[in-house]
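Novice: I'm passing along target-v2.pdb; it holds PDB, N, CA and C atoms.
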```pdb
ATOM      1  N   MET A  75       0.852  -1.178   0.000
ATOM      2  CA  MET A  75       0.000   0.000   0.000
ATOM      3  C   MET A  75       0.896   1.239   0.000
ATOM      4  N   GLU A  76       0.637   2.126  -0.905
ATOM      5  CA  GLU A  76       1.406   3.363  -0.970
ATOM      6  C   GLU A  76       0.890   4.333   0.086
ATOM      7  N   MET A  77       1.810   4.906   0.853
ATOM      8  CA  MET A  77       1.439   5.822   1.925
ATOM      9  C   MET A  77       1.691   7.263   1.479
ATOM     10  N   LYS A  78       0.771   8.124   1.838
ATOM     11  CA  LYS A  78       0.875   9.554   1.565
ATOM     12  C   LYS A  78       1.283  10.239   2.866
ATOM     13  N   LYS A  79       2.467  10.851   2.885
ATOM     14  CA  LYS A  79       2.921  11.546   4.086
ATOM     15  C   LYS A  79       2.138  12.838   4.261
ATOM     16  N   ILE A  80       1.684  13.056   5.486
ATOM     17  CA  ILE A  80       0.987  14.292   5.817
ATOM     18  C   ILE A  80       1.443  14.747   7.197
ATOM     19  N   ASN A  81       1.173  15.979   7.513
ATOM     20  CA  ASN A  81       1.497  16.518   8.832
ATOM     21  C   ASN A  81       0.272  17.302   9.295
ATOM     22  N   ALA A  82      -0.677  16.569   9.876
ATOM     23  CA  ALA A  82      -1.945  17.164  10.279
ATOM     24  C   ALA A  82      -2.353  16.596  11.622
ATOM     25  N   GLY A  83      -2.387  17.424  12.640
ATOM     26  CA  GLY A  83      -2.698  16.915  13.972
ATOM     27  C   GLY A  83      -1.691  15.851  14.345
ATOM     28  N   LYS A  84      -2.174  14.678  14.726
ATOM     29  CA  LYS A  84      -1.294  13.564  15.061
ATOM     30  C   LYS A  84      -1.047  12.638  13.873
ATOM     31  N   LEU A  85      -1.670  12.912  12.727
ATOM     32  CA  LEU A  85      -1.486  12.077  11.543
ATOM     33  C   LEU A  85      -0.138  12.352  10.885
ATOM     34  N   ARG A  86       0.540  11.274  10.469
ATOM     35  CA  ARG A  86       1.810  11.419   9.769
ATOM     36  C   ARG A  86       1.789  10.775   8.396
ATOM     37  N   ALA A  87       0.887   9.808   8.184
ATOM     38  CA  ALA A  87       0.769   9.184   6.864
ATOM     39  C   ALA A  87      -0.583   8.486   6.773
ATOM     40  N   ILE A  88      -1.107   8.437   5.537
ATOM     41  CA  ILE A  88      -2.354   7.734   5.269
ATOM     42  C   ILE A  88      -2.183   6.956   3.973
ATOM     43  N   GLY A  89      -2.855   5.833   3.882
ATOM     44  CA  GLY A  89      -2.788   5.034   2.667
ATOM     45  C   GLY A  89      -4.073   4.256   2.483
ATOM     46  N   TYR A  90      -4.327   3.844   1.239
ATOM     47  CA  TYR A  90      -5.564   3.144   0.939
ATOM     48  C   TYR A  90      -5.313   2.054  -0.085
ATOM     49  N   ASP A  91      -5.834   0.865   0.193
ATOM     50  CA  ASP A  91      -5.799  -0.249  -0.740
ATOM     51  C   ASP A  91      -7.219  -0.413  -1.271
ATOM     52  N   ALA A  92      -7.453   0.046  -2.505
ATOM     53  CA  ALA A  92      -8.801   0.042  -3.073
ATOM     54  C   ALA A  92      -9.336  -1.376  -3.260
ATOM     55  N   ARG A  93      -8.478  -2.301  -3.644
ATOM     56  CA  ARG A  93      -8.927  -3.673  -3.862
ATOM     57  C   ARG A  93      -9.410  -4.302  -2.560
ATOM     58  N   ALA A  94      -8.671  -4.101  -1.476
ATOM     59  CA  ALA A  94      -9.039  -4.664  -0.177
ATOM     60  C   ALA A  94      -9.967  -3.738   0.611
ATOM     61  N   ARG A  95     -10.130  -2.490   0.121
ATOM     62  CA  ARG A  95     -10.936  -1.469   0.803
ATOM     63  C   ARG A  95     -10.431  -1.228   2.238
ATOM     64  N   THR A  96      -9.096  -1.170   2.364
ATOM     65  CA  THR A  96      -8.454  -0.973   3.665
ATOM     66  C   THR A  96      -7.774   0.386   3.714
ATOM     67  N   LEU A  97      -8.064   1.131   4.756
ATOM     68  CA  LEU A  97      -7.443   2.425   5.015
ATOM     69  C   LEU A  97      -6.438   2.242   6.141
ATOM     70  N   ARG A  98      -5.232   2.746   5.953
ATOM     71  CA  ARG A  98      -4.205   2.705   7.003
ATOM     72  C   ARG A  98      -3.886   4.138   7.393
ATOM     73  N   VAL A  99      -3.886   4.374   8.698
ATOM     74  CA  VAL A  99      -3.588   5.687   9.258
ATOM     75  C   VAL A  99      -2.402   5.524  10.200
ATOM     76  N   GLU A 100      -1.341   6.301   9.980
ATOM     77  CA  GLU A 100      -0.155   6.248  10.837
ATOM     78  C   GLU A 100      -0.042   7.554  11.610
ATOM     79  N   PHE A 101       0.368   7.428  12.877
ATOM     80  CA  PHE A 101       0.402   8.565  13.794
ATOM     81  C   PHE A 101       1.822   8.960  14.160
ATOM     82  N   ASP A 102       1.947  10.137  14.764
ATOM     83  CA  ASP A 102       3.270  10.674  15.099
ATOM     84  C   ASP A 102       3.999   9.862  16.158
ATOM     85  N   ASP A 103       3.294   9.018  16.919
ATOM     86  CA  ASP A 103       3.951   8.206  17.942
ATOM     87  C   ASP A 103       4.418   6.854  17.406
ATOM     88  N   GLY A 104       4.265   6.626  16.088
ATOM     89  CA  GLY A 104       4.697   5.370  15.485
ATOM     90  C   GLY A 104       3.615   4.305  15.440
ATOM     91  N   SER A 105       2.463   4.570  16.006
ATOM     92  CA  SER A 105       1.373   3.597  15.945
ATOM     93  C   SER A 105       0.616   3.758  14.630
ATOM     94  N   ALA A 106      -0.180   2.756  14.315
ATOM     95  CA  ALA A 106      -0.976   2.769  13.093
ATOM     96  C   ALA A 106      -2.283   2.038  13.360
ATOM     97  N   ILE A 107      -3.290   2.379  12.578
ATOM     98  CA  ILE A 107      -4.570   1.679  12.646
ATOM     99  C   ILE A 107      -5.001   1.373  11.216
ATOM    100  N   ASP A 108      -5.429   0.122  11.006
ATOM    101  CA  ASP A 108      -5.985  -0.301   9.722
ATOM    102  C   ASP A 108      -7.494  -0.422   9.873
ATOM    103  N   TYR A 109      -8.215   0.180   8.933
ATOM    104  CA  TYR A 109      -9.674   0.131   8.915
ATOM    105  C   TYR A 109     -10.121  -0.612   7.668
ATOM    106  N   ASP A 110     -11.009  -1.611   7.843
ATOM    107  CA  ASP A 110     -11.541  -2.377   6.725
ATOM    108  C   ASP A 110     -12.880  -1.814   6.288
ATOM    109  N   ALA A 111     -13.294  -2.187   5.083
ATOM    110  CA  ALA A 111     -14.595  -1.817   4.510
ATOM    111  C   ALA A 111     -14.757  -0.304   4.367
ATOM    112  N   VAL A 112     -13.657   0.371   4.018
ATOM    113  CA  VAL A 112     -13.683   1.817   3.803
ATOM    114  C   VAL A 112     -13.850   2.068   2.301
ATOM    115  N   GLY A 113     -14.846   2.825   1.946
ATOM    116  CA  GLY A 113     -15.109   3.105   0.534
ATOM    117  C   GLY A 113     -14.136   4.111  -0.054
ATOM    118  N   THR A 114     -14.053   4.099  -1.370
ATOM    119  CA  THR A 114     -13.142   5.005  -2.059
ATOM    120  C   THR A 114     -13.529   6.469  -1.853
ATOM    121  N   GLU A 115     -14.813   6.749  -1.674
ATOM    122  CA  GLU A 115     -15.249   8.133  -1.454
ATOM    123  C   GLU A 115     -14.716   8.667  -0.119
ATOM    124  N   THR A 116     -14.731   7.819   0.913
ATOM    125  CA  THR A 116     -14.173   8.222   2.212
ATOM    126  C   THR A 116     -12.686   8.494   2.072
ATOM    127  N   TRP A 117     -11.961   7.628   1.358
ATOM    128  CA  TRP A 117     -10.539   7.836   1.124
ATOM    129  C   TRP A 117     -10.290   9.141   0.369
ATOM    130  N   ARG A 118     -11.073   9.362  -0.687
ATOM    131  CA  ARG A 118     -10.903  10.576  -1.489
ATOM    132  C   ARG A 118     -11.094  11.820  -0.627
ATOM    133  N   LYS A 119     -12.121  11.806   0.215
ATOM    134  CA  LYS A 119     -12.395  12.970   1.068
ATOM    135  C   LYS A 119     -11.287  13.175   2.098
ATOM    136  N   LEU A 120     -10.804  12.089   2.701
ATOM    137  CA  LEU A 120      -9.718  12.212   3.680
ATOM    138  C   LEU A 120      -8.449  12.718   3.011
ATOM    139  N   SER A 121      -8.068  12.108   1.904
ATOM    140  CA  SER A 121      -6.783  12.448   1.275
ATOM    141  C   SER A 121      -6.772  13.826   0.634
ATOM    142  N   SER A 122      -7.940  14.387   0.361
ATOM    143  CA  SER A 122      -7.980  15.721  -0.243
ATOM    144  C   SER A 122      -8.493  16.786   0.726
ATOM    145  N   SER A 123      -8.742  16.408   1.961
ATOM    146  CA  SER A 123      -9.287  17.341   2.945
ATOM    147  C   SER A 123      -8.286  18.445   3.303
ATOM    148  N   ALA A 124      -8.805  19.644   3.499
ATOM    149  CA  ALA A 124      -7.974  20.755   3.969
ATOM    150  C   ALA A 124      -7.633  20.576   5.448
ATOM    151  N   ALA A 125      -8.415  19.744   6.142
ATOM    152  CA  ALA A 125      -8.199  19.467   7.565
ATOM    153  C   ALA A 125      -8.323  17.959   7.803
ATOM    154  N   PRO A 126      -7.314  17.168   7.352
ATOM    155  CA  PRO A 126      -7.426  15.717   7.446
ATOM    156  C   PRO A 126      -7.571  15.176   8.866
ATOM    157  N   TRP A 127      -6.945  15.814   9.845
ATOM    158  CA  TRP A 127      -7.074  15.349  11.225
ATOM    159  C   TRP A 127      -8.531  15.463  11.678
ATOM    160  N   SER A 128      -9.168  16.571  11.386
ATOM    161  CA  SER A 128     -10.579  16.754  11.747
ATOM    162  C   SER A 128     -11.464  15.770  10.988
ATOM    163  N   TYR A 129     -11.190  15.586   9.702
ATOM    164  CA  TYR A 129     -11.986  14.643   8.910
ATOM    165  C   TYR A 129     -11.843  13.233   9.487
ATOM    166  N   TYR A 130     -10.619  12.852   9.821
ATOM    167  CA  TYR A 130     -10.367  11.535  10.414
ATOM    168  C   TYR A 130     -11.153  11.373  11.711
ATOM    169  N   ARG A 131     -11.032  12.344  12.598
ATOM    170  CA  ARG A 131     -11.710  12.252  13.906
ATOM    171  C   ARG A 131     -13.225  12.197  13.752
ATOM    172  N   ASP A 132     -13.786  12.973  12.844
ATOM    173  CA  ASP A 132     -15.244  13.068  12.696
ATOM    174  C   ASP A 132     -15.858  11.946  11.855
ATOM    175  N   ASN A 133     -15.126  11.423  10.881
ATOM    176  CA  ASN A 133     -15.736  10.522   9.903
ATOM    177  C   ASN A 133     -15.152   9.118   9.848
ATOM    178  N   ILE A 134     -14.001   8.907  10.444
ATOM    179  CA  ILE A 134     -13.384   7.584  10.363
ATOM    180  C   ILE A 134     -13.249   6.962  11.747
ATOM    181  N   GLU A 135     -12.620   7.675  12.659
ATOM    182  CA  GLU A 135     -12.378   7.145  13.996
ATOM    183  C   GLU A 135     -13.678   6.690  14.670
ATOM    184  N   GLU A 136     -14.737   7.444  14.493
ATOM    185  CA  GLU A 136     -16.010   7.140  15.145
ATOM    186  C   GLU A 136     -16.870   6.151  14.354
ATOM    187  N   GLU A 137     -16.622   6.009  13.058
ATOM    188  CA  GLU A 137     -17.508   5.222  12.192
ATOM    189  C   GLU A 137     -17.002   3.816  11.872
ATOM    190  N   PHE A 138     -15.699   3.600  11.963
ATOM    191  CA  PHE A 138     -15.111   2.320  11.572
ATOM    192  C   PHE A 138     -14.371   1.691  12.742
ATOM    193  N   THR A 139     -14.314   0.366  12.742
ATOM    194  CA  THR A 139     -13.534  -0.362  13.740
ATOM    195  C   THR A 139     -12.161  -0.632  13.144
ATOM    196  N   GLY A 140     -11.122  -0.321  13.901
ATOM    197  CA  GLY A 140      -9.764  -0.480  13.389
ATOM    198  C   GLY A 140      -8.958  -1.501  14.151
ATOM    199  N   ARG A 141      -7.865  -1.952  13.514
ATOM    200  CA  ARG A 141      -6.893  -2.852  14.125
ATOM    201  C   ARG A 141      -5.607  -2.076  14.341
ATOM    202  N   ARG A 142      -5.139  -2.061  15.569
ATOM    203  CA  ARG A 142      -3.918  -1.316  15.891
ATOM    204  C   ARG A 142      -2.684  -2.085  15.460
ATOM    205  N   GLY A 143      -1.648  -1.324  15.117
ATOM    206  CA  GLY A 143      -0.378  -1.907  14.727
ATOM    207  C   GLY A 143       0.719  -0.870  14.862
ATOM    208  N   ARG A 144       1.807  -1.100  14.163
ATOM    209  CA  ARG A 144       2.942  -0.164  14.164
ATOM    210  C   ARG A 144       3.094   0.411  12.773
ATOM    211  N   ALA A 145       3.544   1.656  12.724
ATOM    212  CA  ALA A 145       3.791   2.316  11.440
ATOM    213  C   ALA A 145       4.853   1.546  10.677
ATOM    214  N   SER A 146       4.766   1.591   9.361
ATOM    215  CA  SER A 146       5.674   0.832   8.504
ATOM    216  C   SER A 146       7.095   1.354   8.526
ATOM    217  N   GLY A 147       7.312   2.508   9.108
ATOM    218  CA  GLY A 147       8.654   3.066   9.171
ATOM    219  C   GLY A 147       8.790   4.315   8.341
ATOM    220  N   GLY A 148       8.035   4.427   7.281
ATOM    221  CA  GLY A 148       8.132   5.584   6.409
ATOM    222  C   GLY A 148       7.770   6.869   7.115
ATOM    223  N   ALA A 149       6.652   6.895   7.798
ATOM    224  CA  ALA A 149       6.201   8.120   8.448
ATOM    225  C   ALA A 149       6.952   8.372   9.745
ATOM    226  N   ALA A 150       7.284   7.309  10.470
ATOM    227  CA  ALA A 150       7.909   7.484  11.776
ATOM    228  C   ALA A 150       9.423   7.579  11.683
ATOM    229  N   ALA A 151       9.989   7.149  10.572
ATOM    230  CA  ALA A 151      11.444   7.181  10.425
ATOM    231  C   ALA A 151      11.950   8.609  10.604
ATOM    232  N   GLY A 152      12.997   8.736  11.380
ATOM    233  CA  GLY A 152      13.556  10.057  11.609
ATOM    234  C   GLY A 152      12.900  10.770  12.785
ATOM    235  N   LYS A 153      11.853  10.208  13.346
ATOM    236  CA  LYS A 153      11.194  10.807  14.506
ATOM    237  C   LYS A 153      11.344   9.871  15.695
ATOM    238  N   GLY A 154      12.539   9.337  15.882
ATOM    239  CA  GLY A 154      12.771   8.479  17.020
ATOM    240  C   GLY A 154      12.540   7.006  16.731
ATOM    241  N   ALA A 155      12.303   6.645  15.484
ATOM    242  CA  ALA A 155      12.126   5.238  15.151
ATOM    243  C   ALA A 155      13.440   4.510  15.391
ATOM    244  N   ILE A 156      13.369   3.331  16.013
ATOM    245  CA  ILE A 156      14.559   2.575  16.368
ATOM    246  C   ILE A 156      14.512   1.229  15.681
ATOM    247  N   ASP A 157      15.607   0.849  15.056
ATOM    248  CA  ASP A 157      15.722  -0.449  14.404
ATOM    249  C   ASP A 157      16.229  -1.450  15.436
ATOM    250  N   PRO A 158      15.400  -2.457  15.816
ATOM    251  CA  PRO A 158      15.826  -3.407  16.843
ATOM    252  C   PRO A 158      17.086  -4.167  16.474
ATOM    253  N   ASP A 159      17.260  -4.523  15.186
ATOM    254  CA  ASP A 159      18.467  -5.239  14.774
ATOM    255  C   ASP A 159      19.710  -4.373  14.954
ATOM    256  N   ALA A 160      19.591  -3.076  14.659
ATOM    257  CA  ALA A 160      20.721  -2.164  14.850
ATOM    258  C   ALA A 160      21.092  -2.071  16.329
ATOM    259  N   LEU A 161      20.111  -2.072  17.213
ATOM    260  CA  LEU A 161      20.398  -2.036  18.654
ATOM    261  C   LEU A 161      21.124  -3.306  19.097
ATOM    262  N   ARG A 162      20.665  -4.465  18.624
ATOM    263  CA  ARG A 162      21.322  -5.722  18.992
ATOM    264  C   ARG A 162      22.785  -5.713  18.556
ATOM    265  N   LYS A 163      23.035  -5.246  17.325
ATOM    266  CA  LYS A 163      24.412  -5.199  16.829
ATOM    267  C   LYS A 163      25.259  -4.229  17.646
ATOM    268  N   ALA A 164      24.697  -3.079  17.966
ATOM    269  CA  ALA A 164      25.441  -2.050  18.693
ATOM    270  C   ALA A 164      25.788  -2.487  20.102
ATOM    271  N   PHE A 165      24.892  -3.258  20.734
ATOM    272  CA  PHE A 165      25.106  -3.620  22.125
ATOM    273  C   PHE A 165      25.416  -5.086  22.333
ATOM    274  N   GLY A 166      25.750  -5.780  21.251
ATOM    275  CA  GLY A 166      26.202  -7.161  21.367
ATOM    276  C   GLY A 166      25.118  -8.146  21.731
ATOM    277  N   GLY A 167      23.905  -7.897  21.310
ATOM    278  CA  GLY A 167      22.800  -8.806  21.607
ATOM    279  C   GLY A 167      22.852 -10.054  20.742
ATOM    280  N   GLY A 168      21.941 -10.976  21.019
ATOM    281  CA  GLY A 168      21.866 -12.244  20.283
ATOM    282  C   GLY A 168      21.242 -12.069  18.919
ATOM    283  N   GLU A 169      20.815 -13.204  18.382
ATOM    284  CA  GLU A 169      20.194 -13.231  17.061
ATOM    285  C   GLU A 169      18.823 -12.578  17.120
ATOM    286  N   PRO A 170      18.370 -11.999  16.001
ATOM    287  CA  PRO A 170      17.026 -11.432  15.950
ATOM    288  C   PRO A 170      15.982 -12.507  16.243
ATOM    289  N   ASP A 171      14.831 -12.095  16.766
ATOM    290  CA  ASP A 171      13.739 -13.010  17.033
ATOM    291  C   ASP A 171      13.353 -13.729  15.758
ATOM    292  N   GLY A 172      13.098 -15.016  15.847
ATOM    293  CA  GLY A 172      12.669 -15.785  14.694
ATOM    294  C   GLY A 172      13.809 -16.251  13.808
ATOM    295  N   ALA A 173      15.061 -15.981  14.175
ATOM    296  CA  ALA A 173      16.195 -16.377  13.336
ATOM    297  C   ALA A 173      16.687 -17.749  13.724
TER     298      ALA A 173
END
```
Show the structure stored in the file as structure tokens.
Specialist:
Amino acid sequence: MEMKKINAGKLRAIGYDARARTLRVEFDDGSAIDYDAVGTETWRKLSSSAAPWSYYRDNIEEEFTGRRGRASGGAAAGKGAIDPDALRKAFGGGEPDGA
């Protein structure tokens, strides 16, 4: 899913998968929420809104059920995002989880 970087309220990136009808919203703290069954009109209005944070709060957060996750790295990178593998290497940790 291609993410559109934005800087509106706590939003840092938004993306939409039209085939799956999934909206992904990434926040400034590195968290993300995926919303299913989101129509293309809702995506169009959010992505072109002059006030996307307000549109999100009024029309998406209250209307759809989301699944929480972590930002993909694109929006949060450079804002304190930490690579766990880099930390292990720097501090002599073991193998990455699942290796």
Novice: Tell me, which residues of segment 101-155 of chain A carry DSSP strand (DSSP E), written as a count of residues only?
Specialist: 11
Novice: Mind giving me the axis-aligned box for segment 98-105 of chain A with 4 Å on every side, centre plus edges in Å to one decimal, as AutoDock Vina command-line options?
Specialist:
```
--center_x -0.3 --center_y 6.7 --center_z 11.9 --size_x 17.9 --size_y 16.0 --size_z 20.0
```
Novice: On this file, the PyMOL selection byres ((chain A and resi 92-108) around 8) gives some set of residues; write that set as a VMD selection string.
Specialist: chain A and resid 75 77 83 to 91 109 to 114 117 138 to 147 149 to 151 153 155
Novice: Please, what distance in Å, to one decimal, runs between atom CA of Glu76 of chain A and atom C of Glu136 of chain A?
Specialist: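 Straight-line distance from atom CA of Glu76 of chain A to atom C of Glu136 of chain A works out to 24.0 Å.
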Novice: Report, in Å with one decimal, the straight-line distance from atom CA of Lys78 of chain A to atom CA of Lys119 of chain A.
Specialist: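 These atoms are spaced 13.7 Å apart.
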